[in-house]
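So this block is data39.txt, compact mmCIF, C-alpha atoms:
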# COMPACT_ATOMS: atom_id res chain seq x y z
CA MET G 292 66.87 103.79 108.36
CA ILE G 293 67.78 101.88 105.21
CA GLN G 294 69.64 104.82 103.84
CA ARG G 295 71.50 105.23 107.07
CA LEU G 296 72.59 101.62 106.88
CA LEU G 297 73.71 102.16 103.32
CA VAL G 298 75.79 105.16 104.34
CA VAL G 299 77.50 103.16 107.06
CA CYS G 300 78.10 100.33 104.60
CA ALA G 301 79.54 102.56 101.93
CA LEU G 302 81.80 104.32 104.41
CA SER G 303 83.12 101.13 105.97
CA LEU G 304 83.78 99.65 102.56
CA ALA G 305 85.64 102.75 101.50
CA CYS G 306 87.85 102.27 104.55
CA THR G 307 88.62 98.60 103.99
CA VAL G 308 89.43 98.62 100.29
CA PRO G 309 93.20 98.93 100.10
CA SER G 310 94.15 102.32 98.85
CA ALA G 311 96.25 102.55 95.75
CA ASN G 312 97.67 105.84 96.87
CA PHE G 313 99.81 104.43 99.63
CA ASP G 314 103.35 105.13 98.55
CA GLY G 315 105.26 103.69 101.47
CA ARG G 316 107.06 106.85 102.25
CA SER G 317 108.53 107.55 105.60
CA ALA G 318 110.45 110.47 106.88
CA LEU G 319 113.24 108.34 108.29
CA TRP G 320 115.43 106.05 106.31
CA ALA G 321 116.72 103.03 108.10
CA SER G 322 119.70 102.80 105.82
CA ASP G 323 121.98 105.76 105.72
CA GLU G 324 124.77 104.44 103.56
CA ILE G 325 126.65 107.11 101.71
CA VAL G 326 126.28 107.07 97.95
CA GLN G 327 128.41 109.37 95.86
CA PHE G 328 126.92 110.68 92.66
CA SER G 329 128.60 112.51 89.84
CA ASP G 330 125.65 114.88 89.67
CA PRO G 331 123.50 116.08 92.60
CA LEU G 332 120.41 115.70 90.43
CA LEU G 333 121.04 111.97 90.26
CA ARG G 334 121.01 111.85 94.02
CA GLU G 335 117.53 113.40 94.04
CA ARG G 336 116.27 110.82 91.59
CA TYR G 337 118.00 108.03 93.48
CA TYR G 338 116.20 108.88 96.72
CA GLN G 339 112.95 109.32 94.86
CA LEU G 340 113.30 105.86 93.31
CA ILE G 341 114.34 103.96 96.40
CA GLN G 342 111.41 105.45 98.27
CA GLU G 343 108.95 104.49 95.59
CA LEU G 344 110.18 100.93 95.05
CA ARG G 345 109.30 98.12 97.37
CA CYS G 346 111.64 95.48 98.70
CA PRO G 347 110.55 92.04 97.43
CA LYS G 348 111.96 90.21 100.45
CA CYS G 349 111.19 92.28 103.53
CA GLN G 350 107.70 93.12 102.49
CA ASN G 351 106.04 96.40 103.36
CA GLN G 352 109.33 98.22 103.39
CA ASN G 353 110.63 100.30 100.57
CA LEU G 354 114.18 99.94 99.32
CA ALA G 355 115.25 102.96 101.32
CA ASP G 356 114.02 101.46 104.59
CA SER G 357 115.20 97.95 103.96
CA ASN G 358 118.68 96.62 104.46
CA ALA G 359 117.99 93.12 103.19
CA PRO G 360 120.75 91.86 100.88
CA ILE G 361 118.39 91.89 97.93
CA SER G 362 117.43 95.52 98.41
CA THR G 363 121.10 96.44 98.72
CA ASP G 364 121.62 94.76 95.34
CA MET G 365 118.68 96.59 93.87
CA LYS G 366 119.91 99.92 95.17
CA ALA G 367 123.34 99.21 93.70
CA GLN G 368 121.68 98.42 90.38
CA ILE G 369 119.66 101.63 90.49
CA TYR G 370 122.84 103.55 91.24
CA LEU G 371 124.66 102.00 88.28
CA MET G 372 121.78 102.64 85.93
CA LEU G 373 121.45 106.25 87.05
CA GLU G 374 125.13 106.83 86.43
CA ASP G 375 124.65 105.08 83.12
CA ASP G 376 122.21 107.81 82.09
CA LYS G 377 119.11 105.62 82.14
CA SER G 378 115.69 107.18 82.64
CA ASP G 379 113.51 106.47 85.69
CA ARG G 380 111.15 104.61 83.35
CA GLN G 381 113.94 102.34 82.09
CA ILE G 382 115.16 101.64 85.61
CA LYS G 383 111.70 100.70 86.82
CA ASP G 384 111.07 98.50 83.79
CA HIS G 385 114.42 96.79 84.31
CA LEU G 386 113.50 95.93 87.91
CA VAL G 387 109.86 95.06 87.21
CA SER G 388 110.88 92.61 84.47
CA ARG G 389 112.76 90.69 87.16
CA TYR G 390 110.80 91.27 90.34
CA SER G 391 107.29 91.79 88.95
CA GLU G 392 104.95 94.70 89.53
CA PHE G 393 104.86 93.83 93.19
CA ILE G 394 107.79 96.17 93.75
CA LEU G 395 105.94 99.25 92.55
CA TYR G 396 104.34 101.11 95.42
CA LYS G 397 102.61 103.18 92.78
CA PRO G 398 101.31 100.49 90.44
CA GLU G 399 100.70 101.29 86.80
CA VAL G 400 97.09 101.59 85.71
CA ASN G 401 96.47 98.40 83.75
CA GLN G 402 94.10 95.50 83.43
CA SER G 403 94.71 94.14 86.89
CA THR G 404 94.99 97.43 88.77
CA TRP G 405 92.29 99.66 87.32
CA PHE G 406 89.84 98.57 89.98
CA LEU G 407 92.32 99.48 92.69
CA TRP G 408 92.76 102.93 91.21
CA LEU G 409 89.09 103.61 90.52
CA ALA G 410 87.58 102.03 93.65
CA PRO G 411 88.06 105.13 95.86
CA VAL G 412 86.36 107.33 93.25
CA PHE G 413 83.55 104.83 92.95
CA PHE G 414 82.93 104.69 96.68
CA VAL G 415 83.00 108.47 97.05
CA LEU G 416 80.41 108.76 94.27
CA LEU G 417 78.35 106.05 95.91
CA GLY G 418 78.49 107.92 99.20
CA VAL G 419 77.44 111.18 97.52
CA LEU G 420 74.53 109.41 95.85
CA VAL G 421 73.35 107.85 99.11
CA VAL G 422 73.61 111.15 101.02
CA TYR G 423 71.75 112.96 98.25
CA ARG G 424 68.96 110.40 98.20
CA GLN G 425 68.62 110.50 101.95
CA TYR G 426 68.49 114.30 101.89
CA ARG G 427 65.74 114.22 99.27
CA SER G 428 63.66 111.66 101.08
CA VAL G 429 63.87 113.59 104.37
CA ARG G 430 62.76 116.77 102.62
CA GLY G 431 60.00 114.91 100.82
CA ALA G 432 58.73 113.54 104.10
CA ASP G 433 58.65 117.04 105.65
CA LYS G 434 56.59 118.41 102.78
CA LEU G 435 54.24 115.50 102.92
CA SER G 436 53.63 115.83 106.63
CA ALA G 437 52.98 119.56 106.24
CA GLN G 438 50.30 118.88 103.68
CA THR G 439 48.55 116.05 105.42
CA ALA G 440 48.81 117.22 108.99
CA PRO G 441 45.33 117.13 110.58
CA GLN G 442 43.74 120.54 111.06
CA LEU G 443 42.88 121.42 114.65
CA THR G 444 39.45 122.59 115.53
CA VAL G 445 39.09 125.99 117.23
CA GLU G 446 38.54 124.28 120.54
CA GLN G 447 41.68 122.15 120.20
CA GLN G 448 43.67 125.18 119.14
CA GLN G 449 42.64 127.05 122.28
CA ARG G 450 43.56 124.08 124.47
CA LEU G 451 46.94 123.84 122.79
CA SER G 452 47.68 127.54 123.37
CA ALA G 453 46.62 127.22 126.98
CA LEU G 454 48.99 124.26 127.47
CA LEU G 455 51.85 126.06 125.82
CA ASP G 456 51.25 129.18 127.91
CA ARG G 457 51.21 127.16 131.07
CA ASP G 458 54.60 125.64 130.15
CA GLU G 459 56.05 129.06 129.45
CA ASP G 460 54.82 130.37 132.81
CA LYS G 461 56.57 127.57 134.60
CA SER G 462 59.94 128.14 133.04
CA MET Q 57 62.06 97.86 96.31
CA ASN Q 58 62.75 98.96 99.88
CA ARG Q 59 62.53 95.40 101.10
CA LEU Q 60 65.16 94.29 98.60
CA ALA Q 61 67.40 97.18 99.58
CA LEU Q 62 67.48 95.72 103.08
CA PHE Q 63 69.58 92.91 101.71
CA VAL Q 64 72.23 95.17 100.18
CA PRO Q 65 74.37 95.34 103.35
CA LEU Q 66 74.16 91.57 103.74
CA VAL Q 67 75.24 91.00 100.15
CA LEU Q 68 78.10 93.47 100.53
CA PHE Q 69 79.15 91.80 103.75
CA VAL Q 70 79.15 88.34 102.17
CA VAL Q 71 81.17 89.53 99.17
CA LEU Q 72 83.70 91.26 101.39
CA GLY Q 73 83.73 88.25 103.70
CA ILE Q 74 84.56 85.85 100.87
CA PHE Q 75 87.26 88.21 99.61
CA LEU Q 76 88.92 88.51 103.02
CA PHE Q 77 88.47 84.83 103.84
CA LYS Q 78 90.27 83.81 100.69
CA GLY Q 79 93.01 86.24 101.63
CA LEU Q 80 93.57 84.33 104.89
CA ASP Q 81 94.95 81.30 103.07
CA ARG Q 82 97.28 83.23 100.82
CA ASP Q 83 100.93 83.38 101.65
CA PRO Q 84 101.89 87.04 101.29
CA THR Q 85 105.53 86.14 100.67
CA GLU Q 86 104.53 84.25 97.55
CA LEU Q 87 105.09 86.80 94.84
CA PRO Q 88 104.00 86.57 91.27
CA SER Q 89 107.10 85.74 89.33
CA ALA Q 90 107.94 88.02 86.47
CA LEU Q 91 109.96 85.31 84.75
CA VAL Q 92 107.60 82.37 84.52
CA GLY Q 93 107.03 81.86 80.80
CA GLU Q 94 110.17 83.82 79.96
CA ALA Q 95 113.54 82.55 78.83
CA PHE Q 96 116.13 81.71 81.44
CA PRO Q 97 118.54 84.68 81.35
CA GLN Q 98 121.82 84.39 79.48
CA PHE Q 99 124.89 84.11 81.67
CA SER Q 100 128.54 83.29 81.68
CA MET Q 101 129.72 82.22 85.10
CA PRO Q 102 132.41 80.04 86.63
CA SER Q 103 131.74 76.49 87.69
CA LEU Q 104 132.22 75.31 91.27
CA TYR Q 105 134.37 72.32 90.36
CA GLN Q 106 135.47 72.72 86.76
CA GLN Q 107 137.94 75.28 85.52
CA ARG Q 108 135.68 76.78 82.90
CA LEU Q 109 132.82 79.17 82.32
CA LEU Q 110 129.28 77.83 82.27
CA SER Q 111 126.48 79.21 80.14
CA LYS Q 112 122.91 78.44 79.20
CA ASP Q 113 124.16 75.99 76.57
CA ASP Q 114 125.28 73.67 79.35
CA PHE Q 115 121.71 72.64 80.03
CA ALA Q 116 120.05 73.46 76.72
CA GLY Q 117 117.69 70.80 75.42
CA GLN Q 118 117.05 69.30 78.85
CA VAL Q 119 114.33 69.67 81.41
CA VAL Q 120 116.11 70.76 84.58
CA LEU Q 121 115.58 72.18 88.01
CA VAL Q 122 117.73 75.16 88.84
CA ASN Q 123 118.16 75.36 92.59
CA VAL Q 124 119.46 78.54 94.21
CA TRP Q 125 121.36 77.67 97.35
CA ALA Q 126 124.11 78.83 99.68
CA THR Q 127 125.92 77.58 102.75
CA TRP Q 128 124.73 80.60 104.74
CA CYS Q 129 121.15 79.62 104.04
CA PHE Q 130 119.63 77.64 106.87
CA ALA Q 131 116.57 76.47 104.96
CA CYS Q 132 118.83 75.02 102.24
CA ARG Q 133 120.05 72.47 104.78
CA ILE Q 134 116.46 71.40 105.38
CA GLU Q 135 115.82 71.19 101.66
CA HIS Q 136 118.99 69.30 100.78
CA PRO Q 137 117.87 65.70 101.53
CA MET Q 138 114.89 66.23 99.23
CA LEU Q 139 117.20 67.36 96.42
CA ASN Q 140 119.41 64.30 96.98
CA GLN Q 141 116.34 62.11 96.75
CA LEU Q 142 115.16 63.78 93.54
CA ALA Q 143 118.61 63.42 92.00
CA GLN Q 144 118.49 59.71 92.79
CA GLN Q 145 115.18 59.48 90.99
CA GLY Q 146 116.90 60.91 87.93
CA VAL Q 147 115.77 64.52 88.11
CA LYS Q 148 118.44 66.79 86.67
CA ILE Q 149 119.27 69.51 89.15
CA ILE Q 150 121.62 72.39 88.52
CA GLY Q 151 122.92 74.35 91.47
CA LEU Q 152 123.18 78.10 91.52
CA ASN Q 153 125.55 78.79 94.37
CA TYR Q 154 124.37 82.22 95.39
CA LYS Q 155 126.64 84.79 97.08
CA ASP Q 156 128.71 82.08 98.65
CA GLN Q 157 132.33 81.08 99.00
CA ASN Q 158 133.66 78.24 96.87
CA GLN Q 159 135.59 76.46 99.57
CA GLN Q 160 132.69 76.44 101.98
CA ALA Q 161 130.31 75.35 99.23
CA GLN Q 162 132.55 72.41 98.30
CA GLN Q 163 132.87 71.33 101.92
CA TRP Q 164 129.13 71.57 102.31
CA LEU Q 165 128.49 69.35 99.30
CA GLN Q 166 131.03 66.83 100.54
CA LYS Q 167 129.29 66.66 103.89
CA HIS Q 168 125.65 66.63 102.79
CA GLY Q 169 125.94 64.97 99.37
CA ASN Q 170 125.91 66.53 95.94
CA PRO Q 171 122.64 66.31 94.02
CA TYR Q 172 123.75 68.77 91.35
CA LEU Q 173 124.92 68.02 87.80
CA PHE Q 174 127.07 71.10 88.12
CA ASN Q 175 127.11 74.31 90.10
CA ILE Q 176 127.07 77.82 88.73
CA VAL Q 177 129.06 80.14 90.96
CA ASP Q 178 127.23 83.43 91.33
CA ALA Q 179 129.38 85.14 93.93
CA GLN Q 180 128.04 88.63 93.27
CA GLY Q 181 124.41 87.60 92.82
CA THR Q 182 124.19 89.02 89.30
CA LEU Q 183 122.54 85.98 87.73
CA GLY Q 184 120.34 85.84 90.80
CA PHE Q 185 119.35 89.42 90.12
CA ASP Q 186 118.46 88.64 86.51
CA LEU Q 187 116.36 85.71 87.73
CA GLY Q 188 114.54 87.87 90.26
CA VAL Q 189 115.91 85.85 93.17
CA THR Q 190 114.98 87.36 96.53
CA GLY Q 191 116.84 84.86 98.69
CA ALA Q 192 117.77 81.23 99.01
CA PRO Q 193 116.49 78.60 98.52
CA GLU Q 194 114.59 79.11 95.31
CA THR Q 195 113.88 76.53 92.65
CA TYR Q 196 113.10 77.01 88.97
CA LEU Q 197 111.76 74.46 86.54
CA VAL Q 198 113.28 75.08 83.11
CA ASP Q 199 112.09 73.29 79.99
CA ALA Q 200 114.11 71.97 77.04
CA GLN Q 201 113.70 75.29 75.21
CA GLY Q 202 115.23 77.13 78.15
CA ILE Q 203 111.91 78.66 79.23
CA ILE Q 204 111.18 78.98 82.96
CA ARG Q 205 107.98 77.08 83.64
CA HIS Q 206 107.66 77.28 87.39
CA ARG Q 207 109.26 78.99 90.34
CA ARG Q 208 109.22 78.13 93.99
CA VAL Q 209 110.47 80.55 96.63
CA GLY Q 210 111.49 78.63 99.73
CA VAL Q 211 112.04 75.00 100.54
CA VAL Q 212 110.90 72.29 98.13
CA ASP Q 213 109.74 69.34 100.19
CA GLN Q 214 107.86 66.19 99.21
CA GLY Q 215 104.49 67.91 99.45
CA ILE Q 216 105.49 70.85 97.32
CA TRP Q 217 107.17 68.59 94.81
CA ASP Q 218 104.00 66.52 94.49
CA ARG Q 219 101.70 69.53 94.30
CA GLU Q 220 103.67 71.98 92.21
CA PHE Q 221 106.47 70.29 90.33
CA LYS Q 222 105.77 66.66 89.61
CA HIS Q 223 103.00 66.97 87.04
CA ARG Q 224 104.73 69.88 85.28
CA TYR Q 225 108.04 68.05 85.22
CA GLN Q 226 106.55 64.87 83.84
CA GLN Q 227 104.53 66.77 81.26
CA LEU Q 228 107.66 68.57 80.06
CA LEU Q 229 109.58 65.30 79.90
CA GLY Q 230 106.72 63.84 77.86
CA GLU Q 231 106.81 66.74 75.44
CA GLY Q 232 110.50 66.25 74.86
CA GLU Q 233 110.14 62.63 73.77

As structure tokens, what does this structure read like?
Amino acid sequence: MIQRLLVVCALSLACTVPSANFDGRSALWASDEIVQFSDPLLRERYYQLIQELRCPKCQNQNLADSNAPISTDMKAQIYLMLEDDKSDRQIKDHLVSRYSEFILYKPEVNQSTWFLWLAPVFFVLLGVLVVYRQYRSVRGADKLSAQTAPQLTVEQQQRLSALLDRDEDKS
Amino acid sequence: MNRLALFVPLVLFVVLGIFLFKGLDRDPTELPSALVGEAFPQFSMPSLYQQRLLSKDDFAGQVVLVNVWATWCFACRIEHPMLNQLAQQGVKIIGLNYKDQNQQAQQWLQKHGNPYLFNIVDAQGTLGFDLGVTGAPETYLVDAQGIIRHRRVGVVDQGIWDREFKHRYQQLLGEGE
């Protein structure tokens, strides 16, 4: 019973801890403004970036989904920096230094986020441990009951067989 | 051992409960500012009234509030009387007229009063971008060394001034003397 409770607890906790893997992607982009790039590869990176970066104003939307003025500015900045031959890393750093790590849908692993990243692993391991312990205790109980089960006398054994036979006849 | 284990779910529940309960009071729009503790960004921008370019030197060595505002911003109208009041008390306020039009901004100041020492015209929002501005109004407390000490997103009213700005402002003024 206790173990069962623990399993339920571990599972429900695993569900409520916010997942670090959420990347805010969606198949549809609300904004479909046309951006011309000098190189098609830049376009790929542009869409990658605006899907991965979060709008600081209209929260829970990425830059691609949002058409708030600030996200338009940020997209324009990303565009300029891409054309300026900056790396994805540089672009992200440039934006994070102004808008804080809040805008990263995939936060860096650092002092304040390691728990977020490791929590899912921790809870899975916890779940495995609880299931394993429960499995062992159930098996242990089976063995124990087999050993200590009271032996029937010959008379009792005959009565038991008779009862079982009667049941079989009925069915 | 088994008896103690019975309390594990309760303990977990209480911990989670405290965590979530604290979350209730938090304003999710209040973001950690990347620039608190950093230098106010360099800029060279036109002034709303004077025919010259303004830069960081124009308020160097003073403790100031930098207030991001615009005529299109409804909440700025609500905030404005508070700024007028602060200016009367001697607080130095610098306006950052954000993505606005000069003529409208001047009319607005004429109508509602002008609490600003001067106004930086940021028509494109580039200084706003460097400051990490997400909208108007926003208010920054900048110390005499040009370091941003506090940031408020949204309206500054009497309560917020008392809670968030007053002690910081007075402390910074004290340091300067």

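Among the candidates Q:Thr190, Q:Gln157, Q:Gln145, Q:Gln162, the residue lying nearest to chain G is Q:Thr190 (atoms considered: only C-alpha atoms).
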
- For chain G, list the residues within 6 Å of chain Q, counting only C-alpha atoms, and write the list as a ChimeraX atom specification. /G:348,361,388-391

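Distance-wise, CA of Ile204 (chain Q) and CA of Ala192 (chain Q) end up 17.5 Å apart.
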
- Query: By how many Å are CA of Gln342 (chain G) and CA of Ser362 (chain G) apart?
  - Reply: 11.6 Å

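Reported to one decimal place, the separation of CA of Asp199 (chain Q) from CA of Asp113 (chain Q) is 12.8 Å.
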
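Nearest residue to Gly169 (chain Q) among Q:Ile74, Q:Val211, Q:Ala143, Q:Leu183 is Q:Ala143, counting only C-alpha atoms.
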
Any chance you could export region 101-223 of chain Q with C-alpha atoms, as a tab-separated table (two decimals), in the first residue's frame?
chain	number	residue	atom	x	y	z
Q	101	MET	CA	19.89	60.56	-29.88
Q	102	PRO	CA	18.03	63.76	-30.69
Q	103	SER	CA	16.32	65.80	-28.01
Q	104	LEU	CA	12.60	66.53	-28.09
Q	105	TYR	CA	12.97	70.28	-27.64
Q	106	GLN	CA	16.60	71.18	-28.23
Q	107	GLN	CA	18.33	71.08	-31.58
Q	108	ARG	CA	21.15	68.81	-30.50
Q	109	LEU	CA	22.11	65.23	-29.84
Q	110	LEU	CA	21.85	63.87	-26.31
Q	111	SER	CA	24.15	61.27	-24.82
Q	112	LYS	CA	24.88	59.59	-21.53
Q	113	ASP	CA	27.03	62.56	-20.52
Q	114	ASP	CA	23.88	64.66	-20.22
Q	115	PHE	CA	22.96	62.97	-16.98
Q	116	ALA	CA	26.35	61.69	-15.82
Q	117	GLY	CA	27.08	62.25	-12.14
Q	118	GLN	CA	23.43	62.49	-11.16
Q	119	VAL	CA	20.94	60.09	-9.71
Q	120	VAL	CA	18.05	60.06	-12.18
Q	121	LEU	CA	14.94	58.22	-13.17
Q	122	VAL	CA	14.71	57.35	-16.83
Q	123	ASN	CA	11.07	57.00	-17.78
Q	124	VAL	CA	10.09	55.31	-21.04
Q	125	TRP	CA	6.88	56.81	-22.33
Q	126	ALA	CA	4.84	57.48	-25.45
Q	127	THR	CA	1.63	59.21	-26.41
Q	128	TRP	CA	0.21	55.94	-27.75
Q	129	CYS	CA	0.66	54.37	-24.34
Q	130	PHE	CA	-2.51	54.46	-22.30
Q	131	ALA	CA	-0.91	53.54	-18.99
Q	132	CYS	CA	1.54	56.46	-19.38
Q	133	ARG	CA	-1.41	58.82	-18.97
Q	134	ILE	CA	-2.26	57.15	-15.68
Q	135	GLU	CA	1.35	57.36	-14.56
Q	136	HIS	CA	1.91	60.97	-15.58
Q	137	PRO	CA	0.48	62.79	-12.50
Q	138	MET	CA	2.80	60.71	-10.31
Q	139	LEU	CA	5.80	61.78	-12.39
Q	140	ASN	CA	4.72	65.42	-12.13
Q	141	GLN	CA	4.49	65.03	-8.38
Q	142	LEU	CA	7.93	63.42	-8.15
Q	143	ALA	CA	9.44	66.18	-10.28
Q	144	GLN	CA	7.98	68.73	-7.90
Q	145	GLN	CA	9.65	66.93	-5.03
Q	146	GLY	CA	12.95	67.42	-6.83
Q	147	VAL	CA	13.42	63.98	-8.35
Q	148	LYS	CA	15.30	64.27	-11.63
Q	149	ILE	CA	13.39	62.50	-14.35
Q	150	ILE	CA	14.57	62.00	-17.89
Q	151	GLY	CA	12.06	61.04	-20.54
Q	152	LEU	CA	12.71	58.44	-23.18
Q	153	ASN	CA	10.08	59.15	-25.78
Q	154	TYR	CA	9.69	55.70	-27.27
Q	155	LYS	CA	8.55	55.10	-30.86
Q	156	ASP	CA	6.54	58.26	-30.87
Q	157	GLN	CA	6.07	61.36	-32.97
Q	158	ASN	CA	7.66	64.61	-31.83
Q	159	GLN	CA	4.71	66.85	-32.49
Q	160	GLN	CA	2.28	64.63	-30.63
Q	161	ALA	CA	4.74	64.22	-27.77
Q	162	GLN	CA	5.15	67.99	-27.41
Q	163	GLN	CA	1.40	68.53	-27.44
Q	164	TRP	CA	1.00	65.82	-24.85
Q	165	LEU	CA	3.53	67.42	-22.52
Q	166	GLN	CA	1.89	70.81	-22.96
Q	167	LYS	CA	-1.46	69.35	-21.99
Q	168	HIS	CA	-0.44	67.10	-19.10
Q	169	GLY	CA	2.61	68.96	-17.78
Q	170	ASN	CA	6.27	68.22	-18.31
Q	171	PRO	CA	8.06	66.46	-15.45
Q	172	TYR	CA	11.16	65.73	-17.53
Q	173	LEU	CA	14.53	67.51	-17.43
Q	174	PHE	CA	14.82	66.62	-21.08
Q	175	ASN	CA	13.47	64.03	-23.46
Q	176	ILE	CA	15.47	61.58	-25.53
Q	177	VAL	CA	13.74	60.91	-28.82
Q	178	ASP	CA	13.95	57.22	-29.64
Q	179	ALA	CA	11.75	57.06	-32.71
Q	180	GLN	CA	13.03	53.68	-33.89
Q	181	GLY	CA	13.22	52.09	-30.44
Q	182	THR	CA	16.94	51.34	-30.72
Q	183	LEU	CA	17.89	52.69	-27.30
Q	184	GLY	CA	14.81	50.95	-25.97
Q	185	PHE	CA	16.13	47.74	-27.47
Q	186	ASP	CA	19.52	48.19	-25.81
Q	187	LEU	CA	17.73	48.79	-22.51
Q	188	GLY	CA	15.62	45.67	-22.89
Q	189	VAL	CA	12.41	47.70	-22.99
Q	190	THR	CA	9.38	45.54	-23.73
Q	191	GLY	CA	6.82	48.33	-23.79
Q	192	ALA	CA	5.85	51.59	-22.17
Q	193	PRO	CA	5.82	52.74	-19.44
Q	194	GLU	CA	9.04	51.51	-17.92
Q	195	THR	CA	11.15	53.29	-15.35
Q	196	TYR	CA	14.85	52.89	-14.58
Q	197	LEU	CA	16.74	54.19	-11.59
Q	198	VAL	CA	20.25	55.19	-12.67
Q	199	ASP	CA	22.97	56.11	-10.19
Q	200	ALA	CA	25.65	58.80	-10.44
Q	201	GLN	CA	28.06	56.32	-12.05
Q	202	GLY	CA	25.54	55.60	-14.78
Q	203	ILE	CA	24.70	52.13	-13.44
Q	204	ILE	CA	21.09	50.94	-13.61
Q	205	ARG	CA	20.01	50.13	-10.07
Q	206	HIS	CA	16.36	49.28	-10.48
Q	207	ARG	CA	13.81	48.71	-13.18
Q	208	ARG	CA	10.06	48.85	-13.08
Q	209	VAL	CA	7.93	47.56	-15.94
Q	210	GLY	CA	4.55	49.25	-15.88
Q	211	VAL	CA	3.09	52.19	-14.05
Q	212	VAL	CA	4.93	53.74	-11.11
Q	213	ASP	CA	2.34	54.88	-8.60
Q	214	GLN	CA	2.69	56.08	-5.02
Q	215	GLY	CA	2.71	52.55	-3.64
Q	216	ILE	CA	5.38	51.32	-6.02
Q	217	TRP	CA	7.45	54.42	-5.47
Q	218	ASP	CA	7.32	53.89	-1.71
Q	219	ARG	CA	8.03	50.16	-1.91
Q	220	GLU	CA	10.57	49.93	-4.69
Q	221	PHE	CA	12.16	53.28	-5.44
Q	222	LYS	CA	12.17	55.58	-2.46
Q	223	HIS	CA	14.71	53.84	-0.24
